[in-house]
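This is upload-v2.pdb. It holds PDB, C-alpha atoms and all ligand atoms.
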```
ATOM      1  CA  MET S   1      -0.715 -51.802-157.359
ATOM      2  CA  ILE S   2       0.962 -53.034-154.209
ATOM      3  CA  VAL S   3       4.312 -51.435-153.346
ATOM      4  CA  LEU S   4       4.932 -53.152-150.005
ATOM      5  CA  ARG S   5       3.845 -56.569-148.858
ATOM      6  CA  ILE S   6       4.795 -58.003-145.489
ATOM      7  CA  GLU S   7       3.586 -61.540-144.817
ATOM      8  CA  HIS S   8       3.790 -63.550-141.603
ATOM      9  CA  LEU S   9       6.658 -61.469-140.284
ATOM     10  CA  THR S  10       8.236 -62.717-137.106
ATOM     11  CA  PHE S  11      11.118 -60.831-135.565
ATOM     12  CA  GLY S  12      12.805 -60.202-132.238
ATOM     13  CA  TYR S  13      16.320 -59.102-131.348
ATOM     14  CA  SER S  14      16.370 -62.235-129.227
ATOM     15  CA  LYS S  15      14.224 -65.305-129.849
ATOM     16  CA  ASP S  16      12.655 -65.241-126.385
ATOM     17  CA  ARG S  17      11.352 -61.685-126.852
ATOM     18  CA  LEU S  18       9.536 -61.288-130.152
ATOM     19  CA  ILE S  19       8.546 -57.818-131.306
ATOM     20  CA  PHE S  20       6.569 -59.054-134.324
ATOM     21  CA  LYS S  21       4.742 -62.331-134.530
ATOM     22  CA  ASP S  22       2.951 -63.253-137.745
ATOM     23  CA  PHE S  23       2.602 -59.572-138.695
ATOM     24  CA  ASN S  24       1.043 -58.706-142.069
ATOM     25  CA  LEU S  25       0.877 -55.394-143.900
ATOM     26  CA  GLU S  26       0.252 -54.193-147.431
ATOM     27  CA  VAL S  27       0.726 -50.692-148.798
ATOM     28  CA  ARG S  28      -0.662 -49.716-152.172
ATOM     29  CA  GLN S  29       0.453 -47.064-154.619
ATOM     30  CA  GLY S  30      -0.899 -43.652-153.569
ATOM     31  CA  GLU S  31      -1.721 -44.809-150.057
ATOM     32  CA  VAL S  32      -0.359 -43.275-146.851
ATOM     33  CA  VAL S  33      -0.140 -45.797-144.025
ATOM     34  CA  SER S  34       1.016 -44.608-140.629
ATOM     35  CA  ILE S  35       2.530 -46.804-137.969
ATOM     36  CA  VAL S  36       1.935 -45.350-134.527
ATOM     37  CA  GLY S  37       2.532 -46.531-130.989
ATOM     38  CA  PRO S  38       4.521 -45.673-127.889
ATOM     39  CA  SER S  39       8.285 -45.500-127.717
ATOM     40  CA  GLY S  40       9.984 -48.894-127.703
ATOM     41  CA  VAL S  41       7.074 -50.763-129.282
ATOM     42  CA  GLY S  42       8.965 -51.608-132.489
ATOM     43  CA  LYS S  43       8.271 -48.811-134.993
ATOM     44  CA  SER S  44      11.883 -48.233-136.006
ATOM     45  CA  THR S  45      12.434 -51.985-136.068
ATOM     46  CA  LEU S  46       9.654 -52.289-138.645
ATOM     47  CA  PHE S  47      11.274 -49.500-140.665
ATOM     48  CA  GLU S  48      14.609 -51.316-140.606
ATOM     49  CA  LEU S  49      13.065 -54.642-141.542
ATOM     50  CA  THR S  50      11.179 -53.038-144.434
ATOM     51  CA  GLY S  51      14.300 -51.278-145.663
ATOM     52  CA  GLY S  52      16.243 -54.547-145.532
ATOM     53  CA  PHE S  53      18.607 -53.294-142.824
ATOM     54  CA  LEU S  54      17.434 -56.143-140.558
ATOM     55  CA  LYS S  55      16.493 -59.693-141.512
ATOM     56  CA  PRO S  56      13.279 -61.340-140.271
ATOM     57  CA  ILE S  57      13.411 -64.573-138.293
ATOM     58  CA  SER S  58      10.641 -65.793-140.576
ATOM     59  CA  GLY S  59       8.087 -64.406-143.014
ATOM     60  CA  SER S  60       8.611 -62.376-146.159
ATOM     61  CA  ILE S  61       8.933 -58.726-147.037
ATOM     62  CA  TRP S  62       8.580 -57.614-150.622
ATOM     63  CA  VAL S  63       9.149 -53.973-151.415
ATOM     64  CA  ASP S  64       9.144 -51.990-154.660
ATOM     65  CA  ARG S  65      11.754 -49.278-155.350
ATOM     66  CA  PHE S  66      11.894 -47.200-152.188
ATOM     67  CA  SER S  67      13.629 -44.262-150.612
ATOM     68  CA  SER S  68      14.034 -43.631-146.886
ATOM     69  CA  VAL S  69      14.011 -40.783-144.426
ATOM     70  CA  PHE S  70      15.776 -41.842-141.248
ATOM     71  CA  GLN S  71      14.828 -40.804-137.740
ATOM     72  CA  ASP S  72      18.214 -39.269-136.950
ATOM     73  CA  PRO S  73      19.122 -36.501-139.421
ATOM     74  CA  TYR S  74      22.758 -36.489-138.259
ATOM     75  CA  THR S  75      23.401 -40.030-139.438
ATOM     76  CA  SER S  76      21.437 -39.599-142.667
ATOM     77  CA  PHE S  77      24.389 -38.199-144.588
ATOM     78  CA  HIS S  78      28.041 -39.161-144.838
ATOM     79  CA  PRO S  79      30.050 -36.536-142.925
ATOM     80  CA  SER S  80      32.769 -36.061-145.553
ATOM     81  CA  TYR S  81      30.876 -35.101-148.687
ATOM     82  CA  LYS S  82      28.761 -32.126-149.695
ATOM     83  CA  ILE S  83      25.012 -32.629-149.450
ATOM     84  CA  LEU S  84      24.391 -32.047-153.160
ATOM     85  CA  ASP S  85      27.092 -34.533-154.186
ATOM     86  CA  GLN S  86      25.523 -37.156-151.944
ATOM     87  CA  ILE S  87      22.100 -36.583-153.468
ATOM     88  CA  ALA S  88      23.549 -36.607-156.999
ATOM     89  CA  GLU S  89      25.130 -39.961-156.184
ATOM     90  CA  VAL S  90      21.752 -41.653-155.832
ATOM     91  CA  CYS S  91      19.450 -39.814-158.249
ATOM     92  CA  GLN S  92      18.957 -37.236-160.998
ATOM     93  CA  ILE S  93      19.103 -33.755-159.516
ATOM     94  CA  GLU S  94      17.394 -31.874-162.312
ATOM     95  CA  GLY S  95      14.884 -29.441-160.788
ATOM     96  CA  ILE S  96      16.267 -29.848-157.275
ATOM     97  CA  GLU S  97      16.641 -26.097-156.665
ATOM     98  CA  GLU S  98      12.915 -25.486-157.046
ATOM     99  CA  ILE S  99      11.917 -28.238-154.620
ATOM    100  CA  ALA S 100      14.686 -27.152-152.214
ATOM    101  CA  ARG S 101      13.402 -23.563-152.369
ATOM    102  CA  GLN S 102       9.906 -24.696-151.445
ATOM    103  CA  MET S 103      11.393 -26.465-148.425
ATOM    104  CA  ASP S 104      13.297 -23.317-147.416
ATOM    105  CA  ILE S 105      16.623 -24.906-148.249
ATOM    106  CA  ASP S 106      18.974 -22.318-149.787
ATOM    107  CA  SER S 107      20.943 -23.713-152.701
ATOM    108  CA  ASP S 108      24.197 -22.735-150.951
ATOM    109  CA  LEU S 109      23.290 -25.118-148.108
ATOM    110  CA  LEU S 110      23.373 -27.945-150.617
ATOM    111  CA  GLN S 111      27.007 -27.096-151.327
ATOM    112  CA  LYS S 112      27.984 -27.563-147.680
ATOM    113  CA  LEU S 113      29.200 -30.479-145.603
ATOM    114  CA  PRO S 114      26.518 -32.013-143.337
ATOM    115  CA  HIS S 115      27.997 -30.759-140.036
ATOM    116  CA  LYS S 116      27.556 -27.155-141.204
ATOM    117  CA  LEU S 117      23.770 -27.625-141.180
ATOM    118  CA  SER S 118      21.353 -27.716-138.261
ATOM    119  CA  GLY S 119      19.366 -30.870-137.471
ATOM    120  CA  GLY S 120      16.248 -29.340-138.998
ATOM    121  CA  GLN S 121      18.086 -28.342-142.189
ATOM    122  CA  LEU S 122      19.593 -31.812-142.489
ATOM    123  CA  GLN S 123      16.225 -33.455-141.984
ATOM    124  CA  ARG S 124      14.742 -31.340-144.781
ATOM    125  CA  CYS S 125      17.693 -32.284-147.022
ATOM    126  CA  SER S 126      17.050 -35.927-146.217
ATOM    127  CA  ILE S 127      13.403 -35.505-147.247
ATOM    128  CA  LEU S 128      14.526 -33.639-150.365
ATOM    129  CA  ARG S 129      16.778 -36.561-151.302
ATOM    130  CA  ALA S 130      13.937 -39.038-150.704
ATOM    131  CA  ILE S 131      11.642 -37.014-153.003
ATOM    132  CA  MET S 132      14.288 -36.647-155.727
ATOM    133  CA  MET S 133      14.746 -40.429-155.815
ATOM    134  CA  ARG S 134      11.210 -40.733-157.235
ATOM    135  CA  PRO S 135      10.445 -43.915-155.318
ATOM    136  CA  LYS S 136       7.417 -46.184-155.546
ATOM    137  CA  LEU S 137       7.401 -46.321-151.737
ATOM    138  CA  LEU S 138       8.656 -43.790-149.238
ATOM    139  CA  LEU S 139       9.758 -45.167-145.887
ATOM    140  CA  ALA S 140       9.851 -42.417-143.308
ATOM    141  CA  ASP S 141      10.782 -42.907-139.650
ATOM    142  CA  GLU S 142       9.733 -39.820-137.669
ATOM    143  CA  PRO S 143      10.670 -37.661-140.680
ATOM    144  CA  THR S 144       9.845 -34.350-139.011
ATOM    145  CA  SER S 145      11.216 -35.027-135.505
ATOM    146  CA  ALA S 146      13.785 -32.193-135.784
ATOM    147  CA  LEU S 147      11.305 -29.635-137.165
ATOM    148  CA  ASP S 148       8.935 -27.267-135.379
ATOM    149  CA  ASN S 149       5.184 -27.807-135.859
ATOM    150  CA  VAL S 150       4.671 -25.237-138.601
ATOM    151  CA  THR S 151       7.694 -26.353-140.639
ATOM    152  CA  SER S 152       6.760 -29.959-140.060
ATOM    153  CA  LEU S 153       3.299 -29.454-141.529
ATOM    154  CA  LYS S 154       4.648 -27.493-144.469
ATOM    155  CA  VAL S 155       7.252 -30.155-145.264
ATOM    156  CA  MET S 156       4.715 -32.973-144.930
ATOM    157  CA  LYS S 157       2.367 -31.160-147.316
ATOM    158  CA  LEU S 158       5.153 -30.805-149.845
ATOM    159  CA  LEU S 159       6.132 -34.416-149.419
ATOM    160  CA  LEU S 160       2.563 -35.537-150.025
ATOM    161  CA  SER S 161       2.171 -33.301-153.076
ATOM    162  CA  TYR S 162       5.421 -34.454-154.705
ATOM    163  CA  LEU S 163       4.808 -38.076-153.868
ATOM    164  CA  ASP S 164       1.160 -38.074-154.820
ATOM    165  CA  ARG S 165       1.198 -41.408-156.655
ATOM    166  CA  VAL S 166       3.583 -43.106-154.268
ATOM    167  CA  GLY S 167       2.947 -45.343-151.286
ATOM    168  CA  ILE S 168       4.105 -43.908-147.982
ATOM    169  CA  LEU S 169       4.880 -45.821-144.817
ATOM    170  CA  LEU S 170       5.052 -43.137-142.161
ATOM    171  CA  ILE S 171       6.380 -44.054-138.763
ATOM    172  CA  THR S 172       5.437 -41.585-136.099
ATOM    173  CA  HIS S 173       4.459 -41.196-132.459
ATOM    174  CA  ASP S 174       2.463 -38.093-133.462
ATOM    175  CA  MET S 175      -1.163 -39.202-133.672
ATOM    176  CA  ASP S 176      -2.320 -35.773-134.933
ATOM    177  CA  LEU S 177       0.093 -35.970-137.852
ATOM    178  CA  ALA S 178      -0.978 -39.542-138.570
ATOM    179  CA  LYS S 179      -4.665 -38.638-138.486
ATOM    180  CA  TRP S 180      -4.112 -35.679-140.745
ATOM    181  CA  CYS S 181      -2.255 -37.423-143.546
ATOM    182  CA  SER S 182      -3.066 -41.129-143.443
ATOM    183  CA  ASP S 183      -5.420 -43.365-145.347
ATOM    184  CA  ARG S 184      -4.819 -46.008-142.705
ATOM    185  CA  ILE S 185      -3.281 -46.022-139.257
ATOM    186  CA  ILE S 186      -1.764 -49.134-137.725
ATOM    187  CA  LYS S 187      -1.272 -48.946-133.996
ATOM    188  CA  LEU S 188       1.498 -51.155-132.718
ATOM    189  CA  GLY S 189       0.989 -52.536-129.244
ATOM    190  CA  THR S 190       1.186 -56.004-127.820
ATOM    191  CA  GLU S 191      -1.204 -56.881-130.656
ATOM    192  CA  PRO S 192      -1.084 -54.800-133.872
ATOM    193  CA  VAL S 193      -4.491 -53.174-134.389
ATOM    194  CA  ALA S 194      -5.707 -51.466-137.551
ATOM    195  CA  LEU S 195      -7.656 -48.296-136.799
ATOM    196  CA  SER S 196     -10.436 -47.152-139.078
ATOM    197  CA  PRO S 197      -9.394 -45.085-142.113
ATOM    198  CA  THR S 198      -9.319 -41.340-141.709
ATOM    199  CA  PRO S 199     -10.056 -38.969-144.577
ATOM    200  CA  PHE S 200      -7.228 -36.918-146.012
ATOM    201  CA  ALA S 201      -7.664 -33.430-144.600
ATOM    202  CA  SER S 202      -6.683 -31.541-147.722
ATOM    203  CA  ASP S 203      -8.365 -28.414-146.415
ATOM    204  CA  LEU S 204      -5.881 -28.033-143.567
ATOM    205  CA  GLU S 205      -3.940 -24.836-144.159
ATOM    206  CA  VAL S 206      -0.318 -24.218-143.315
ATOM    207  CA  LEU S 207       0.125 -20.820-141.674
TER     208      LEU S 207
HETATM  209  N1  LIG S 301      19.748 -53.188-132.001
HETATM  210  C1  LIG S 301      18.946 -53.597-130.992
HETATM  211  N2  LIG S 301      19.272 -54.649-130.220
HETATM  212  C2  LIG S 301      18.471 -55.082-129.222
HETATM  213  N3  LIG S 301      17.279 -54.507-128.918
HETATM  214  C3  LIG S 301      16.905 -53.459-129.656
HETATM  215  C4  LIG S 301      17.711 -52.941-130.733
HETATM  216  N4  LIG S 301      17.049 -51.882-131.297
HETATM  217  C5  LIG S 301      15.913 -51.745-130.596
HETATM  218  N5  LIG S 301      15.813 -52.676-129.629
HETATM  219  C6  LIG S 301      14.670 -52.858-128.702
HETATM  220  O1  LIG S 301      13.554 -53.261-129.450
HETATM  221  C7  LIG S 301      12.373 -52.597-129.009
HETATM  222  C8  LIG S 301      11.767 -51.778-130.137
HETATM  223  O2  LIG S 301      12.625 -50.687-130.452
HETATM  224  P1  LIG S 301      12.312 -49.641-131.601
HETATM  225  O3  LIG S 301      11.915 -50.370-132.833
HETATM  226  O4  LIG S 301      13.478 -48.710-131.692
HETATM  227  O5  LIG S 301      11.037 -48.898-130.984
HETATM  228  P2  LIG S 301      10.315 -47.524-131.421
HETATM  229  O6  LIG S 301      10.910 -47.051-132.709
HETATM  230  O7  LIG S 301       8.866 -47.864-131.507
HETATM  231  O8  LIG S 301      10.585 -46.556-130.291
HETATM  232  C9  LIG S 301      12.796 -51.771-127.814
HETATM  233  O9  LIG S 301      12.541 -52.521-126.660
HETATM  234  C10 LIG S 301      14.281 -51.570-128.015
HETATM  235  O10 LIG S 301      14.934 -51.399-126.795
HETATM  236 MG    MG S 302      11.889 -45.207-133.285
END
```
What is this structure when it is put down as structure tokens?
Amino acid sequence: MIVLRIEHLTFGYSKDRLIFKDFNLEVRQGEVVSIVGPSGVGKSTLFELTGGFLKPISGSIWVDRFSSVFQDPYTSFHPSYKILDQIAEVCQIEGIEEIARQMDIDSDLLQKLPHKLSGGQLQRCSILRAIMMRPKLLLADEPTSALDNVTSLKVMKLLLSYLDRVGILLITHDMDLAKWCSDRIIKLGTEPVALSPTPFASDLEVL
């Protein structure tokens, strides 16, 4: 089952400088597709187009029920409401404590306002919210940018285990992360190039 289909996408912030020209991409249920490439190439732009936050110049984007993890953890939550209330606003929170515990998020953190948390804690809360929404597609733009390597790997493992049957569009500049978790890697450059599939390294252990 396809959970994301992008066809003939053309987009640029100005018409004389296109970032995407006739770009196509499909993501299936259970598939992890990573978008990699250097800074400024258009990764976040693709995330915003897919999430419907930007409109294409032409082409179509069809997406199943999705949840998002944004690149900047500080703008991921409204500053005036407690984290748990914001999560409860968008999904069922039954069982949240257990998943939070596995992500090293104390339940008292969930009762706090966003500015009381560190960037890393907020990013994990943002991932927690995305998991709790039980999407068909997870859109994640540099979801572990505020986490150290060990925590990042642990959180990604959890994400992949909870969202086993879900499609994931992972935007990252971290090729090692992409190689570790992806079924397919798309490298954005002047011409988008699909790299060969890499096996899921399920034997990689988190220390
Ligand atoms: N809101 C915007 N208005 C105009 N140009 C933008 C805007 N956002 C990003 N850009 C430009 O579009 C290009 C792609 O940016 P972005 O998608 O953020 O790249 P990446 O996420 O790969 O680092 C960059 O040249 C960037 O400067
Ligand atoms: Mg970006």
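When only C-alpha atoms and all ligand atoms are used to compute distances to ligand MG 302 (chain S), the closest of the residues S:Ile35, S:Ile93, S:Val155, S:Ala178 turns out to be S:Ile35.
Protein, DNA and RNA residues at most 8 Å from (16.0, -26.5, -147.0), with all atoms listed in the file, are these: Ala100, Arg101, Gln102, Met103, Asp104, Ile105, Asp106, Leu109, Gln121, Leu122, Arg124 and Cys125 of chain S.
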Please produce a file of the residues just selected, as a PDB file, keeping the file's coordinate frame, where the atoms kept are C-alpha atoms.
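Saved the output as selection-v7.pdb:
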```
ATOM      1  CA  ALA S 100      14.686 -27.152-152.214  1.00  0.00           C
ATOM      2  CA  ARG S 101      13.402 -23.563-152.369  1.00  0.00           C
ATOM      3  CA  GLN S 102       9.906 -24.696-151.445  1.00  0.00           C
ATOM      4  CA  MET S 103      11.393 -26.465-148.425  1.00  0.00           C
ATOM      5  CA  ASP S 104      13.297 -23.317-147.416  1.00  0.00           C
ATOM      6  CA  ILE S 105      16.623 -24.906-148.249  1.00  0.00           C
ATOM      7  CA  ASP S 106      18.974 -22.318-149.787  1.00  0.00           C
ATOM      8  CA  LEU S 109      23.290 -25.118-148.108  1.00  0.00           C
ATOM      9  CA  GLN S 121      18.086 -28.342-142.189  1.00  0.00           C
ATOM     10  CA  LEU S 122      19.593 -31.812-142.489  1.00  0.00           C
ATOM     11  CA  ARG S 124      14.742 -31.340-144.781  1.00  0.00           C
ATOM     12  CA  CYS S 125      17.693 -32.284-147.022  1.00  0.00           C
TER      13      CYS S 125
END
```
- Task: Could I get the residue neighbourhood of ligand LIG 301 (chain S) at 6 Å, counting all atoms listed in the file, as a count of residues only?
- Result: 8
- Message: Please enumerate the residues selected by the PyMOL selection byres (((chain S and resi 83) around 10) and not hetatm) when evaluated against the supplied file, formatted as a ChimeraX atom specification.
- Response: /S:77-82,84-89,109-114,117,122,125-126,129
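The residue set within 7 Å of segment 60-73 of chain S, counting only C-alpha atoms and dropping same-chain residues fewer than 5 places from it, reads Val3, Leu4, Arg5, Ile6, Glu7, His8, Leu9, Thr50, Gly119, Leu122, Gln123, Ser126, Ile127, Ala130, Met133, Pro135, Lys136, Leu137, Leu138, Leu139, Ala140, Asp141, Glu142 and Pro143 of chain S.
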- Message: Selection in question (the file shown): the PyMOL selection byres (((chain S and resi 22) around 7) and not hetatm). Which residues does it include, as a ChimeraX atom specification?
- Response: /S:8-10,20-21,23-24
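Comparing the minimum interatomic distances between Ile185 of chain S and each of S:Cys91, S:Val33, S:Val150, S:Leu163, counting only C-alpha atoms, we find that S:Val33 sits nearest.
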- Task: May I ask which of the residues S:Leu177, S:Val166, S:Ile96, S:Ile171 is the closest one to ligand MG 302 (chain S), counting all atoms listed in the file?
- Result: S:Ile171
- Item | Nearest-residue call for ligand MG 302 (chain S), choices S:His173, S:Lys116, S:Lys154, S:Lys55, using all atoms listed in the file | S:His173
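Each of S:Glu48, S:Glu98, S:Asp108, S:Glu26 was compared to ligand MG 302 (chain S) using all atoms listed in the file, and S:Glu48 turns out to be the nearest.
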- Message: When you look at Asp176 of chain S with a cut-off of 12 Å (counting only C-alpha atoms), what residues show up, excluding the ones that are within fewer than 2 positions of it in the same chain? I need them as a list in words.
- Response: Ser34, Val36, Asn149, Ser152, Leu153, Thr172, His173, Asp174, Ala178, Lys179, Trp180, Cys181, Ser182, Ile185, Thr198 and Ala201 of chain S
Quick one: write out the picked residues with C-alpha atoms as an mmCIF file, in the frame of the given file?
```
data_model
loop_
_atom_site.group_PDB
_atom_site.id
_atom_site.type_symbol
_atom_site.label_atom_id
_atom_site.label_comp_id
_atom_site.auth_asym_id
_atom_site.auth_seq_id
_atom_site.Cartn_x
_atom_site.Cartn_y
_atom_site.Cartn_z
ATOM 1 C CA SER S 34 1.016 -44.608 -140.629
ATOM 2 C CA VAL S 36 1.935 -45.350 -134.527
ATOM 3 C CA ASN S 149 5.184 -27.807 -135.859
ATOM 4 C CA SER S 152 6.760 -29.959 -140.060
ATOM 5 C CA LEU S 153 3.299 -29.454 -141.529
ATOM 6 C CA THR S 172 5.437 -41.585 -136.099
ATOM 7 C CA HIS S 173 4.459 -41.196 -132.459
ATOM 8 C CA ASP S 174 2.463 -38.093 -133.462
ATOM 9 C CA ALA S 178 -0.978 -39.542 -138.570
ATOM 10 C CA LYS S 179 -4.665 -38.638 -138.486
ATOM 11 C CA TRP S 180 -4.112 -35.679 -140.745
ATOM 12 C CA CYS S 181 -2.255 -37.423 -143.546
ATOM 13 C CA SER S 182 -3.066 -41.129 -143.443
ATOM 14 C CA ILE S 185 -3.281 -46.022 -139.257
ATOM 15 C CA THR S 198 -9.319 -41.340 -141.709
ATOM 16 C CA ALA S 201 -7.664 -33.430 -144.600
#
```
Only C-alpha atoms, as a compact mmCIF listing (two decimals), in the first residue's frame: that is what I want for segment 18-112 of chain S.
```txt
# COMPACT_ATOMS: atom_id res chain seq x y z
CA LEU S 18 13.65 25.81 -9.11
CA ILE S 19 14.57 23.42 -6.32
CA PHE S 20 12.47 20.54 -7.67
CA LYS S 21 11.72 19.92 -11.30
CA ASP S 22 9.51 16.99 -12.26
CA PHE S 23 10.41 15.15 -9.04
CA ASN S 24 8.71 11.81 -8.31
CA LEU S 25 8.68 9.74 -5.14
CA GLU S 26 6.60 6.95 -3.66
CA VAL S 27 6.75 5.57 -0.14
CA ARG S 28 5.02 2.34 0.77
CA GLN S 29 3.67 1.11 4.07
CA GLY S 30 6.51 -0.33 6.20
CA GLU S 31 9.20 1.31 4.10
CA VAL S 32 11.84 3.72 5.39
CA VAL S 33 12.98 6.18 2.73
CA SER S 34 15.72 8.63 3.59
CA ILE S 35 16.31 11.91 1.84
CA VAL S 36 19.94 12.95 2.12
CA GLY S 37 22.05 15.72 0.64
CA PRO S 38 24.06 18.76 1.66
CA SER S 39 22.67 21.75 3.49
CA GLY S 40 20.56 24.04 1.32
CA VAL S 41 19.75 21.41 -1.30
CA GLY S 42 16.01 21.34 -0.51
CA LYS S 43 15.45 18.62 2.11
CA SER S 44 13.34 20.72 4.47
CA THR S 45 11.50 22.17 1.48
CA LEU S 46 10.48 18.65 0.48
CA PHE S 47 9.32 18.01 4.04
CA GLU S 48 7.20 21.16 3.98
CA LEU S 49 5.73 20.37 0.59
CA THR S 50 4.86 16.84 1.71
CA GLY S 51 3.28 18.10 4.91
CA GLY S 52 1.20 20.61 2.94
CA PHE S 53 2.90 23.62 4.55
CA LEU S 54 4.05 24.76 1.08
CA LYS S 55 2.21 24.49 -2.22
CA PRO S 56 3.89 23.13 -5.37
CA ILE S 57 4.09 25.24 -8.52
CA SER S 58 2.91 22.14 -10.37
CA GLY S 59 2.61 18.40 -9.83
CA SER S 60 0.69 16.49 -7.19
CA ILE S 61 1.36 15.23 -3.71
CA TRP S 62 -0.92 12.65 -2.17
CA VAL S 63 -0.29 11.63 1.40
CA ASP S 64 -2.08 9.27 3.78
CA ARG S 65 -2.62 10.16 7.47
CA PHE S 66 0.73 11.45 8.68
CA SER S 67 2.48 12.85 11.69
CA SER S 68 5.57 15.07 11.66
CA VAL S 69 8.74 15.61 13.61
CA PHE S 70 10.11 19.06 12.85
CA GLN S 71 13.77 19.98 12.60
CA ASP S 72 13.61 22.63 15.31
CA PRO S 73 12.38 21.19 18.63
CA TYR S 74 11.78 24.68 20.06
CA THR S 75 9.09 25.52 17.53
CA SER S 76 7.50 22.07 17.67
CA PHE S 77 5.28 22.92 20.62
CA HIS S 78 3.13 25.91 21.50
CA PRO S 79 4.91 27.81 24.30
CA SER S 80 1.84 28.34 26.49
CA TYR S 81 0.51 24.85 27.10
CA LYS S 82 1.83 21.79 28.92
CA ILE S 83 3.41 19.14 26.72
CA LEU S 84 0.92 16.43 27.70
CA ASP S 85 -2.08 18.67 26.99
CA GLN S 86 -0.69 19.42 23.55
CA ILE S 87 -0.23 15.74 22.79
CA ALA S 88 -3.70 14.92 24.16
CA GLU S 89 -5.10 17.55 21.81
CA VAL S 90 -4.09 15.58 18.73
CA CYS S 91 -4.30 11.91 19.77
CA GLN S 92 -5.24 9.28 22.34
CA ILE S 93 -2.66 9.24 25.11
CA GLU S 94 -3.41 5.82 26.54
CA GLY S 95 -0.11 4.02 27.18
CA ILE S 96 1.96 7.17 26.74
CA GLU S 97 3.85 6.74 30.04
CA GLU S 98 5.37 3.45 28.94
CA ILE S 99 6.61 4.79 25.61
CA ALA S 100 7.82 7.99 27.32
CA ARG S 101 9.73 5.89 29.87
CA GLN S 102 11.49 3.98 27.11
CA MET S 103 12.56 7.32 25.63
CA ASP S 104 13.87 8.49 29.02
CA ILE S 105 11.13 11.07 29.33
CA ASP S 106 9.96 11.33 32.96
CA SER S 107 6.20 11.64 33.25
CA ASP S 108 6.64 14.89 35.23
CA LEU S 109 8.33 16.43 32.17
CA LEU S 110 5.10 15.89 30.27
CA GLN S 111 3.34 18.10 32.81
CA LYS S 112 5.67 21.03 32.10
```
